[in-house]
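As stored in target_23.cif (mmCIF, C-alpha atoms):
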data_model
loop_
_atom_site.label_atom_id
_atom_site.label_comp_id
_atom_site.auth_asym_id
_atom_site.auth_seq_id
_atom_site.Cartn_x
_atom_site.Cartn_y
_atom_site.Cartn_z
CA MET B 1 14.18 -3.08 11.34
CA TYR B 2 14.56 -5.61 14.11
CA LEU B 3 12.01 -7.20 16.41
CA ASN B 4 12.84 -8.33 19.94
CA GLN B 5 11.58 -11.90 19.87
CA SER B 6 12.36 -12.35 23.57
CA ASN B 7 9.44 -10.17 24.58
CA SER B 8 6.26 -12.20 24.37
CA ASP B 9 3.97 -9.17 24.88
CA LEU B 10 5.62 -7.53 21.92
CA THR B 11 5.52 -10.50 19.56
CA LYS B 12 1.90 -11.19 20.52
CA LYS B 13 0.83 -7.64 19.69
CA PHE B 14 2.94 -7.61 16.55
CA THR B 15 1.17 -10.76 15.38
CA GLU B 16 -2.19 -9.23 16.28
CA ILE B 17 -1.45 -6.20 14.14
CA ASN B 18 -0.35 -8.39 11.25
CA ARG B 19 -3.70 -10.14 11.26
CA ASN B 20 -5.62 -6.89 10.94
CA GLU B 21 -5.26 -5.15 7.59
CA LYS B 22 -6.16 -1.69 8.92
CA LEU B 23 -3.55 -1.93 11.64
CA THR B 24 -1.00 -3.38 9.23
CA ARG B 25 -1.60 -0.40 6.97
CA LYS B 26 -1.02 2.03 9.83
CA PHE B 27 2.12 0.22 10.96
CA VAL B 28 3.50 0.09 7.42
CA LEU B 29 2.75 3.80 6.96
CA VAL B 30 4.80 4.64 10.04
CA ILE B 31 7.76 2.58 8.85
CA GLU B 32 7.58 3.91 5.28
CA ALA B 33 7.24 7.49 6.59
CA VAL B 34 10.29 7.00 8.79
CA LYS B 35 12.20 5.61 5.80
CA THR B 36 11.35 8.72 3.75
CA ASN B 37 11.67 11.06 6.72
CA SER B 38 8.07 12.22 6.33
CA HIS B 39 6.88 10.96 9.71
CA ASN B 40 5.30 13.12 12.38
CA LYS B 41 4.81 12.88 16.16
CA THR B 42 1.41 11.24 15.80
CA GLN B 43 3.11 8.28 14.12
CA TYR B 44 6.62 8.18 15.53
CA ASN B 45 7.19 10.08 18.75
CA TRP B 46 10.55 10.78 20.32
CA GLU B 47 10.63 9.57 23.91
CA ALA B 48 14.23 9.75 25.14
CA ASP B 49 17.88 9.92 24.15
CA PHE B 50 20.56 7.51 25.31
CA ASP B 51 24.28 7.11 24.59
CA CYS B 52 23.58 4.33 22.10
CA GLY B 53 20.64 6.01 20.34
CA SER B 54 17.14 7.36 20.83
CA VAL B 55 13.89 5.73 21.83
CA TYR B 56 10.80 6.43 19.77
CA ALA B 57 7.25 5.13 20.06
CA ILE B 58 5.69 3.70 16.92
CA LYS B 59 2.02 4.59 17.40
CA VAL B 60 -0.64 2.39 15.85
CA ASP B 61 -4.03 3.36 17.28
CA THR B 62 -3.71 2.71 21.00
CA HIS B 63 -0.73 0.43 20.53
CA ARG B 64 2.78 1.68 21.24
CA PHE B 65 5.88 -0.12 20.03
CA TYR B 66 8.85 1.34 21.84
CA THR B 67 11.76 1.32 19.47
CA LEU B 68 15.46 2.01 19.87
CA GLN B 69 16.74 3.95 16.87
CA ILE B 70 20.44 3.65 16.18
CA THR B 71 22.39 5.27 13.38
CA ASN B 72 24.87 2.88 11.84
CA ASN B 73 26.92 3.89 8.77
CA ASN B 74 24.34 6.58 7.96
CA TYR B 75 21.55 3.99 8.07
CA ARG B 76 18.87 4.13 10.73
CA GLU B 77 18.34 0.79 12.41
CA LEU B 78 15.12 0.32 14.34
CA PHE B 79 15.08 -2.17 17.21
CA ILE B 80 11.47 -2.67 18.23
CA CYS B 81 11.98 -3.65 21.85
CA ARG B 82 8.84 -3.35 23.90
CA TYR B 83 5.07 -3.11 23.62
CA GLY B 84 3.33 -0.59 25.83
CA LYS B 85 0.73 2.06 26.24
CA LYS B 86 0.78 5.54 27.70
CA GLU B 87 2.91 5.95 30.81
CA SER B 88 1.19 4.88 34.00
CA GLN B 89 2.16 3.43 37.35
CA GLU B 90 0.94 0.04 36.21
CA ASN B 91 2.98 0.17 33.02
CA THR B 92 6.10 1.33 34.84
CA LYS B 93 5.72 -1.57 37.27
CA LYS B 94 5.27 -4.01 34.40
CA LEU B 95 8.31 -2.59 32.62
CA THR B 96 10.50 -2.86 35.72
CA THR B 97 9.37 -6.46 36.22
CA THR B 98 10.06 -7.27 32.58
CA ILE B 99 13.56 -5.74 32.70
CA ASP B 100 14.37 -7.66 35.88
CA THR B 101 13.42 -10.97 34.31
CA ILE B 102 15.42 -10.57 31.10
CA GLU B 103 18.26 -13.07 30.93
CA SER B 104 19.11 -12.84 27.25
CA ILE B 105 17.84 -10.94 24.24
CA GLN B 106 17.22 -12.55 20.88
CA ILE B 107 16.77 -10.23 17.91
CA GLU B 108 15.63 -11.08 14.42
CA LYS B 109 16.00 -8.84 11.39
CA ILE B 110 12.87 -8.18 9.33
CA GLU B 111 13.63 -7.39 5.69
CA LEU B 112 11.46 -4.60 4.30
CA MET Y 1 1.36 -17.14 12.63
CA ASN Y 2 5.06 -17.98 12.50
CA ASP Y 3 7.94 -15.58 11.91
CA VAL Y 4 8.22 -16.35 8.21
CA THR Y 5 4.52 -15.68 7.67
CA GLN Y 6 4.81 -12.40 9.56
CA LYS Y 7 7.62 -11.22 7.30
CA ILE Y 8 5.71 -12.23 4.19
CA SER Y 9 2.50 -10.55 5.32
CA ILE Y 10 4.14 -7.15 5.84
CA GLN Y 11 6.16 -7.31 2.64
CA SER Y 12 3.26 -8.63 0.60
CA TYR Y 13 1.07 -5.86 1.99
CA ILE Y 14 3.63 -3.27 0.88
CA ASP Y 15 3.99 -4.88 -2.56
CA LYS Y 16 0.23 -5.09 -3.08
CA ASN Y 17 -0.46 -1.54 -1.92
CA ARG Y 18 2.64 0.30 -3.14
CA ASP Y 19 0.67 3.03 -4.95
CA LYS Y 20 -1.71 3.67 -2.04
CA ILE Y 21 1.20 3.83 0.39
CA ASP Y 22 3.04 6.28 -1.85
CA GLU Y 23 -0.09 8.45 -2.06
CA SER Y 24 -0.26 8.52 1.72
CA LEU Y 25 3.42 9.43 1.90
CA VAL Y 26 2.78 12.49 -0.28
CA SER Y 27 0.08 13.57 2.17
CA LEU Y 28 2.37 12.83 5.11
CA ARG Y 29 5.05 15.11 3.66
CA ILE Y 30 2.54 17.95 3.87
CA MET Y 31 1.35 16.92 7.32
CA LYS Y 32 4.93 16.88 8.57
CA GLU Y 33 5.09 20.59 7.82
CA VAL Y 34 1.80 21.06 9.67
CA ASP Y 35 3.24 19.11 12.59
CA LYS Y 36 6.33 21.35 12.68
CA PHE Y 37 4.07 24.42 12.61
CA LEU Y 38 2.03 23.09 15.52
CA ASP Y 39 5.26 22.55 17.46
CA TYR Y 40 6.32 26.09 16.69
CA LYS Y 41 2.98 27.46 17.87
CA ASN Y 42 2.83 25.03 20.78
CA LEU Y 43 -0.51 23.66 19.63
CA SER Y 44 -1.86 20.12 19.88
CA ASN Y 45 -3.79 18.14 17.30
CA ARG Y 46 -6.90 18.86 19.37
CA ASP Y 47 -6.24 22.62 19.23
CA LEU Y 48 -5.86 22.37 15.47
CA SER Y 49 -9.13 20.48 15.10
CA VAL Y 50 -10.98 23.10 17.13
CA LYS Y 51 -9.46 26.01 15.22
CA LEU Y 52 -10.17 24.50 11.80
CA GLY Y 53 -13.57 23.09 12.70
CA PHE Y 54 -12.62 19.49 11.95
CA SER Y 55 -13.02 16.57 14.31
CA GLU Y 56 -9.98 15.50 16.30
CA SER Y 57 -10.37 12.07 14.77
CA TYR Y 58 -10.03 13.53 11.26
CA ILE Y 59 -6.82 15.37 12.19
CA SER Y 60 -5.49 12.15 13.70
CA GLN Y 61 -6.32 10.28 10.49
CA LEU Y 62 -4.50 12.91 8.44
CA MET Y 63 -1.49 12.73 10.74
CA SER Y 64 -1.35 8.97 10.57
CA GLY Y 65 -1.73 8.93 6.79
CA VAL Y 66 -5.01 7.00 6.83
CA LYS Y 67 -6.71 9.92 5.08
CA SER Y 68 -5.02 12.20 2.59
CA VAL Y 69 -4.84 15.94 2.96
CA ASN Y 70 -6.95 17.94 0.49
CA VAL Y 71 -7.05 21.54 -0.69
CA SER Y 72 -10.02 22.29 1.58
CA PHE Y 73 -7.84 21.52 4.61
CA ILE Y 74 -4.96 23.58 3.22
CA ASN Y 75 -7.28 26.50 2.46
CA LYS Y 76 -8.75 26.47 5.98
CA PHE Y 77 -5.29 26.16 7.51
CA GLU Y 78 -3.92 29.08 5.51
CA LYS Y 79 -6.85 31.32 6.43
CA CYS Y 80 -6.91 30.32 10.09
CA PHE Y 81 -3.21 30.90 10.74
CA ALA Y 82 -2.58 33.60 8.09
CA THR Y 83 -0.02 31.34 6.44
CA LYS Y 84 0.74 30.16 2.93
CA PHE Y 85 1.80 26.72 1.76
CA ASP Y 86 4.69 26.91 -0.67
CA PHE Y 87 5.03 23.95 -3.02
CA LYS Y 88 8.12 23.23 -5.04
CA ILE Y 89 8.70 20.56 -7.62
CA TYR Y 90 12.17 19.10 -7.67
CA LEU Y 91 13.63 16.99 -10.42
CA GLU Y 92 14.78 13.52 -9.55
CA ASN Y 93 18.20 14.42 -10.85
CA GLU Y 94 18.46 18.16 -10.41
CA GLU Y 95 22.19 18.31 -11.14
CA ILE Y 96 21.67 17.18 -14.72
CA PHE Y 97 18.84 19.69 -15.11
CA LEU Y 98 20.97 22.59 -13.91
CA GLN Y 99 23.90 21.57 -16.10
CA ARG Y 100 21.69 22.02 -19.16
CA LEU Y 101 20.83 25.59 -18.29
CA ASP Y 102 22.99 28.57 -18.97
CA GLU Y 103 23.92 30.83 -16.10
CA LYS Y 104 21.38 33.50 -16.98
CA VAL Y 105 18.47 31.06 -16.92
CA GLN Y 106 19.71 29.55 -13.68
CA PHE Y 107 19.86 32.99 -12.13
CA ASN Y 108 16.34 33.83 -13.29
CA LEU Y 109 15.03 30.53 -11.99
CA ASN Y 110 16.58 31.11 -8.62
CA ILE Y 111 15.09 34.52 -8.11
CA SER Y 112 11.81 34.36 -9.98
CA PHE Y 113 10.22 30.97 -10.00
CA ASN Y 114 8.92 28.83 -7.25
CA MET Y 115 7.82 25.89 -9.41
CA PHE Y 116 9.45 24.26 -12.40
CA PHE Y 117 9.52 20.89 -14.08
CA VAL Y 118 10.91 19.25 -17.13
CA ASN Y 119 9.11 17.64 -20.02
CA LYS Y 120 11.61 14.94 -20.87
CA GLU Y 121 9.92 13.76 -24.06
CA ARG Y 122 10.03 17.13 -25.74
CA SER Y 123 13.34 18.22 -24.25
CA LYS Y 124 11.69 21.42 -23.11
CA PHE Y 125 11.46 22.89 -19.68
CA SER Y 126 8.36 24.57 -18.37
CA PHE Y 127 7.63 26.39 -15.19
CA THR Y 128 4.94 28.35 -13.48
CA GLN Y 129 5.30 31.78 -12.09
CA ASN Y 130 3.60 33.04 -8.94
CA SER Y 131 1.46 29.93 -8.78
CA LYS Y 132 -1.11 30.01 -6.00
CA SER Y 133 -0.90 26.31 -5.26
CA MET Y 134 0.13 23.07 -6.84
CA PHE Y 135 -3.46 22.32 -7.80
CA ASN Y 136 -4.52 25.72 -8.96
CA VAL Y 137 -1.92 26.81 -11.44
CA THR Y 138 -2.36 30.15 -13.11
CA ASP Y 139 -0.11 32.49 -15.02
CA VAL Y 140 1.74 29.71 -16.78
CA GLU Y 141 4.76 30.53 -18.87
CA TYR Y 142 6.72 28.21 -21.09
CA GLU Y 143 10.24 28.58 -22.29
CA SER Y 144 12.10 26.37 -24.76
CA LEU Y 145 15.77 25.78 -24.15
#
In structure tokens, what does this structure look like?
Amino acid sequence: MYLNQSNSDLTKKFTEINRNEKLTRKFVLVIEAVKTNSHNKTQYNWEADFDCGSVYAIKVDTHRFYTLQITNNNYRELFICRYGKKESQENTKKLTTTIDTIESIQIEKIEL
Amino acid sequence: MNDVTQKISIQSYIDKNRDKIDESLVSLRIMKEVDKFLDYKNLSNRDLSVKLGFSESYISQLMSGVKSVNVSFINKFEKCFATKFDFKIYLENEEIFLQRLDEKVQFNLNISFNMFFVNKERSKFSFTQNSKSMFNVTDVEYESL
């Protein structure tokens, strides 16, 4: 699992979740369920397919961590890329602005 | 909180709560089947809560693994949708198990039994026949090999 450290919204929310045990539990349950393939749409929802992989939303209460899932040598690699909520005009605008301002992407692997 | 602390907090949470997490994963395996069924029937979590008489919040907690599924839920689900949960117990290393059985026993197992497990200590195999559920086992038969 990888976390996009370039996205401040994402790292901020990720830190927030880590400080709250209930949210940490929910986040961990999603990841562990994905690892054992026992996840469901309430936890890990498919959003879209791309050439390089698929985008899923890790759902923790109202939080959404949009994640690119890539299969590499039969291993699933999760790149948590963006924090968001349900689709809305405001969110789409924010996303477009964020994409336009990206100059480089820095990714760090989280060992679990 | 720096990056190192973040990593430690998640991993330490998993290490500290391994058993609880594993319990939730058992429940989530069942809820995944429920989720597939809802997809098949084109029903939402809200629809399910209304049909079963549970709150939407409870269904959401079951789906997220915060609460564990119980036999009351399964019973209501089965009655509501005229369905039946079918539980199977698989050995961790099924190949070794099957190698120890002769062909006749394997054949009987394949056609007759929907649950079986091995008692490693006694080198005996036992199984249940026509069991109603994992938690309400009746009609138990034992066979030594």
Item to check | Exercise: residues within 12 Å of coordinate (4.2, -2.4, 23.4), counting all atoms listed in the file, as a VMD selection string | outcome: chain B and resid 3 to 4 7 to 17 56 to 67 80 to 87 91 94 to 95 98
Checklist entry - Do you know which residues are at most 12 Å from Arg18 (chain Y) counting only C-alpha atoms, after dropping those on the same chain fewer than 5 positions away, and could you put them as an MDAnalysis selection string? => result (chainID B and resid 25 28:29 32) or (chainID Y and resid 10:13 23:25)
Padding of 3 Å on every side, edges along x, y and z, all listed atoms of region 27-43 of chain Y included: what centre and edge lengths in Å, to one decimal, does that box have, as lines of an AutoDock Vina configuration file?
center_x = 2.9
center_y = 20.1
center_z = 11.5
size_x = 12.8
size_y = 20.6
size_z = 24.6
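With the shown file loaded, the PyMOL selection byres ((chain B and resi 107-111) around 9) picks out Met1, Tyr2, Leu3, Asn4, Gln5, Ser6, Phe79, Ile105, Gln106 and Leu112 of chain B; Lys7 and Gln11 of chain Y.
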Checklist entry - Just so the selection is clear, what residues does the PyMOL selection byres ((chain Y) within 12 of (chain B)) cover here, as a VMD selection string? => result chain Y and resid 1 to 18 20 to 39 44 to 46 57 59 to 67
Checklist entry - Could you name the residues that touch Asp51 (chain B) at 12 Å or less, counting only C-alpha atoms, but leaving out those on the same chain fewer than 2 positions away, as a PyMOL selection string? => result chain B and resi 48-49+53-55+68-71
Restricting it to C-alpha atoms, dump the selection as a PDB file, in the coordinates of the input.
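Final output, out_8.pdb:
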ATOM      1  CA  ALA B  48      14.230   9.750  25.140  1.00  0.00           C
ATOM      2  CA  ASP B  49      17.880   9.920  24.150  1.00  0.00           C
ATOM      3  CA  GLY B  53      20.640   6.010  20.340  1.00  0.00           C
ATOM      4  CA  SER B  54      17.140   7.360  20.830  1.00  0.00           C
ATOM      5  CA  VAL B  55      13.890   5.730  21.830  1.00  0.00           C
ATOM      6  CA  LEU B  68      15.460   2.010  19.870  1.00  0.00           C
ATOM      7  CA  GLN B  69      16.740   3.950  16.870  1.00  0.00           C
ATOM      8  CA  ILE B  70      20.440   3.650  16.180  1.00  0.00           C
ATOM      9  CA  THR B  71      22.390   5.270  13.380  1.00  0.00           C
TER      10      THR B  71
END
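The coordinates place CA of Gly53 (chain Y) at 10.0 Å from CA of Phe73 (chain Y).
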Next on the checklist: One decimal, in Å: what's the spacing between CA of Lys76 (chain Y) and CA of Lys88 (chain Y)?
Outcome noted: 20.4 Å
Item to check | CA of Thr101 (chain B) to CA of Gln89 (chain B), straight-line distance in Å | outcome: 18.5 Å
